[in-house]
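To start, the structure under review is shown below, and the notes come after it.
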Amino acid sequence: MSGHSKWSTIKHKKAKTDAQRGKTFNKLIRELTVAAREGGGDPDTNPRLRTALQRAKEANMPSDTVTRAIQRGTGELPGVTYEEILYEGYAAGGVAMLLELVTDNRRRTAAEIRHIFSSHGGSLGEAGCVAWMFDKKGLIVIEADKASEDEVIMATLEAGAEDVISSEGMIEVTTSPQDLEEVRNALEEAGIEYLSAEITMIPQSTVPVEGKQAIQILKLIEDLEEHDDVQQVYSNFDISKEIMEEMSEVA
């Protein structure tokens with residue numbers, strides 16, 4: 001797994017206990033609204049909305065909050081008009097950064113994100129500068145104590161899994177974006193609990209980082225993820241297990 005994949009797993013696990021519900025809900029509300037606006041309010045015909053609803057369920061978001069977010073997207077209720085933006089840039093050491101954002105004020109968001117990058121030795125880049133380094137994939141992460149690698153392969157191969165990899169107590173299942181839901185359903189039918197399932201951007205190759213530079217990059221990602229407009233942060237760094245454990249203790 002890339003360093004950021006490991007970091008995302010840590011953040012996902014901590015989200016179950018940390019007092020981050022308000023921020024998490026705000027991001028999910030935006031995603032539900034945009035998904036409903038783009039593909040309609042029926043999850044049976046809108047895969048993006050189905051995925052957003054699954055994430056809302058995992059976060060224990062109240063059903064009335066979910067309903068209102070969808071209705072704002074379909075126009076049944078008035079609400080803020082959100083715009084999706086993709087930002088690209090570099091962290092310390094030339095590490096590639098790719099950000100998915102949803103904002104109601106592009107100019108404000110650009111200034112704030114640029115400031116976060118510069119505060120941690122990074123910089124925003126031009127459109128297209130790093131996006132080519134990533135492939136859009138479905139990614140399901142399973143804790144290794146929930147199932148063996150062979151059990152996961154048996155459950156997901158015919159459903160469309162492209163690859164199954166075990167690393168450091170986790171099992172990653174990679175799919176095409178179109179097959180994510182079918183593979184996720186196959187795991188559920190097999191009784192295998194997963195930690196996360198989402199459409200993501202996977203780096204084609206990774207850049208190893210160590211020491212102070214690794215910590216600087218992780219702090220940049222943490223601050224970006226704290227920003228209300230940032231939905232997802234992707235990076236192509238790889239990091240030592242020791243640094244990751246050190247950061248997870250203070251995350």
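Starting from 1 in every chain, residues are counted up; chains themselves are A, B, ... following the order of the structure tokens, and ligands are numbered from 1 as listed.
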message = Residues within 6 Å of region 171-177 of chain A, please, as a list in words. Count only C-alpha atoms; anything in the same chain fewer than 2 positions from it doesn't count.
response =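 In the requested form, the answer reads Lys137, Gly138, Leu139, Ile140, Val141, Ile142, Ala144, Ala161, Glu162, Asp163, Val164, Ile165, Ser166, Asp179 and Leu180 of chain A.
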inquiry  = Please extract the residues of region 27-246 of chain A with a backbone DSSP assignment of alpha helix (DSSP H) and present them as a PyMOL selection string.
reply    = chain A and resi 27-39+47-58+63-74+106-119+149-156+180-189+211-226+241-246
Could you write out that same residue set with C-alpha atoms as a compact mmCIF listing (two decimals), in the first residue's frame?
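Here's the written file part30.txt:
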# COMPACT_ATOMS: atom_id res chain seq x y z
CA LYS A 27 -18.36 16.44 3.79
CA LEU A 28 -20.91 13.66 3.34
CA ILE A 29 -23.76 16.15 2.95
CA ARG A 30 -21.88 17.84 0.12
CA GLU A 31 -21.18 14.52 -1.58
CA LEU A 32 -24.80 13.38 -1.27
CA THR A 33 -26.03 16.70 -2.66
CA VAL A 34 -23.65 16.70 -5.63
CA ALA A 35 -24.27 13.00 -6.35
CA ALA A 36 -28.04 13.58 -6.40
CA ARG A 37 -27.67 16.69 -8.54
CA GLU A 38 -25.52 14.88 -11.11
CA GLY A 39 -27.31 11.53 -11.27
CA PRO A 47 -24.04 4.42 -8.43
CA ARG A 48 -22.34 7.48 -7.02
CA LEU A 49 -25.30 8.16 -4.76
CA ARG A 50 -25.34 4.51 -3.64
CA THR A 51 -21.70 4.79 -2.59
CA ALA A 52 -22.36 8.08 -0.77
CA LEU A 53 -25.32 6.51 1.04
CA GLN A 54 -23.13 3.60 2.13
CA ARG A 55 -20.56 6.02 3.54
CA ALA A 56 -23.32 7.94 5.33
CA LYS A 57 -24.58 4.70 6.83
CA GLU A 58 -21.08 3.78 8.03
CA SER A 63 -31.68 9.54 7.99
CA ASP A 64 -33.41 12.92 7.93
CA THR A 65 -30.05 14.63 7.31
CA VAL A 66 -29.38 12.24 4.43
CA THR A 67 -32.83 12.87 2.96
CA ARG A 68 -32.47 16.65 3.09
CA ALA A 69 -29.05 16.51 1.44
CA ILE A 70 -30.44 14.44 -1.44
CA GLN A 71 -33.47 16.71 -1.81
CA ARG A 72 -31.19 19.74 -2.07
CA GLY A 73 -29.37 17.99 -4.87
CA THR A 74 -32.55 17.15 -6.77
CA ARG A 106 -13.90 28.70 -5.88
CA ARG A 107 -11.79 31.82 -5.22
CA ARG A 108 -11.87 31.43 -1.42
CA THR A 109 -11.07 27.74 -1.63
CA ALA A 110 -8.12 28.28 -3.98
CA ALA A 111 -6.55 30.83 -1.65
CA GLU A 112 -7.01 28.64 1.42
CA ILE A 113 -5.67 25.48 -0.22
CA ARG A 114 -2.67 27.36 -1.64
CA HIS A 115 -1.90 28.63 1.88
CA ILE A 116 -2.05 25.11 3.35
CA PHE A 117 0.36 23.83 0.69
CA SER A 118 2.85 26.64 1.20
CA SER A 119 2.70 26.24 5.00
CA GLU A 149 -6.34 -13.56 1.62
CA ASP A 150 -7.56 -16.82 0.05
CA GLU A 151 -11.08 -16.29 1.42
CA VAL A 152 -11.15 -12.76 -0.02
CA ILE A 153 -9.91 -13.98 -3.41
CA MET A 154 -12.53 -16.73 -3.50
CA ALA A 155 -15.31 -14.25 -2.62
CA THR A 156 -14.34 -11.50 -5.04
CA LEU A 180 -16.77 -1.83 -7.02
CA GLU A 181 -20.36 -2.31 -5.91
CA GLU A 182 -20.60 -5.88 -7.18
CA VAL A 183 -17.35 -6.84 -5.43
CA ARG A 184 -18.52 -5.16 -2.24
CA ASN A 185 -21.79 -7.09 -2.42
CA ALA A 186 -19.85 -10.32 -2.91
CA LEU A 187 -17.89 -9.67 0.28
CA GLU A 188 -21.08 -8.97 2.20
CA GLU A 189 -22.67 -12.16 0.90
CA GLY A 211 12.29 11.31 8.46
CA LYS A 212 11.24 14.95 8.73
CA GLN A 213 10.09 15.05 5.13
CA ALA A 214 7.67 12.17 5.73
CA ILE A 215 6.21 13.89 8.79
CA GLN A 216 5.91 17.15 6.84
CA ILE A 217 3.94 15.41 4.09
CA LEU A 218 1.63 13.66 6.54
CA LYS A 219 0.91 16.94 8.32
CA LEU A 220 0.11 18.56 4.96
CA ILE A 221 -2.36 15.79 4.18
CA GLU A 222 -3.88 16.02 7.64
CA ASP A 223 -4.45 19.78 7.29
CA LEU A 224 -5.90 19.35 3.79
CA GLU A 225 -8.30 16.67 5.03
CA GLU A 226 -9.43 19.00 7.82
CA LYS A 241 6.20 1.51 9.01
CA GLU A 242 8.01 3.21 11.91
CA ILE A 243 7.06 6.74 10.81
CA MET A 244 3.47 5.66 10.16
CA GLU A 245 3.16 4.14 13.65
CA GLU A 246 4.63 7.31 15.19
message = Between CA of Tyr234 (chain A) and CA of Leu98 (chain A), what distance in Å does the model show, to one decimal?
response =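 Spanning CA of Tyr234 (chain A) to CA of Leu98 (chain A) is a straight-line distance of 5.0 Å.
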task = Excluding Asp145 (chain A) and residues on its chain fewer than 4 positions from it, collect all residues at most 10 Å away from it, counting only C-alpha atoms, and give them as a PyMOL selection string.
result = chain A and resi 169-171+193
ask   = Among region 39-240 of chain A, which ones does DSSP place in strand (DSSP E), written as a count of residues only?
value = 61
task = Could you give me, as a PyMOL selection string, the residues within 10 Å of Tyr90 (chain A), counting only C-alpha atoms and dropping anything in the same chain fewer than 5 positions from it?
result = chain A and resi 95-98+117-118+121-125+129-130+217+235
request  = In Å, rounded to a single decimal, give me how far CA of Gln232 (chain A) is from CA of Glu84 (chain A).
outcome  =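 These atoms are spaced 11.6 Å apart.
Counting from CA of His227 (chain A), the distance to CA of Asn46 (chain A) is 26.9 Å.
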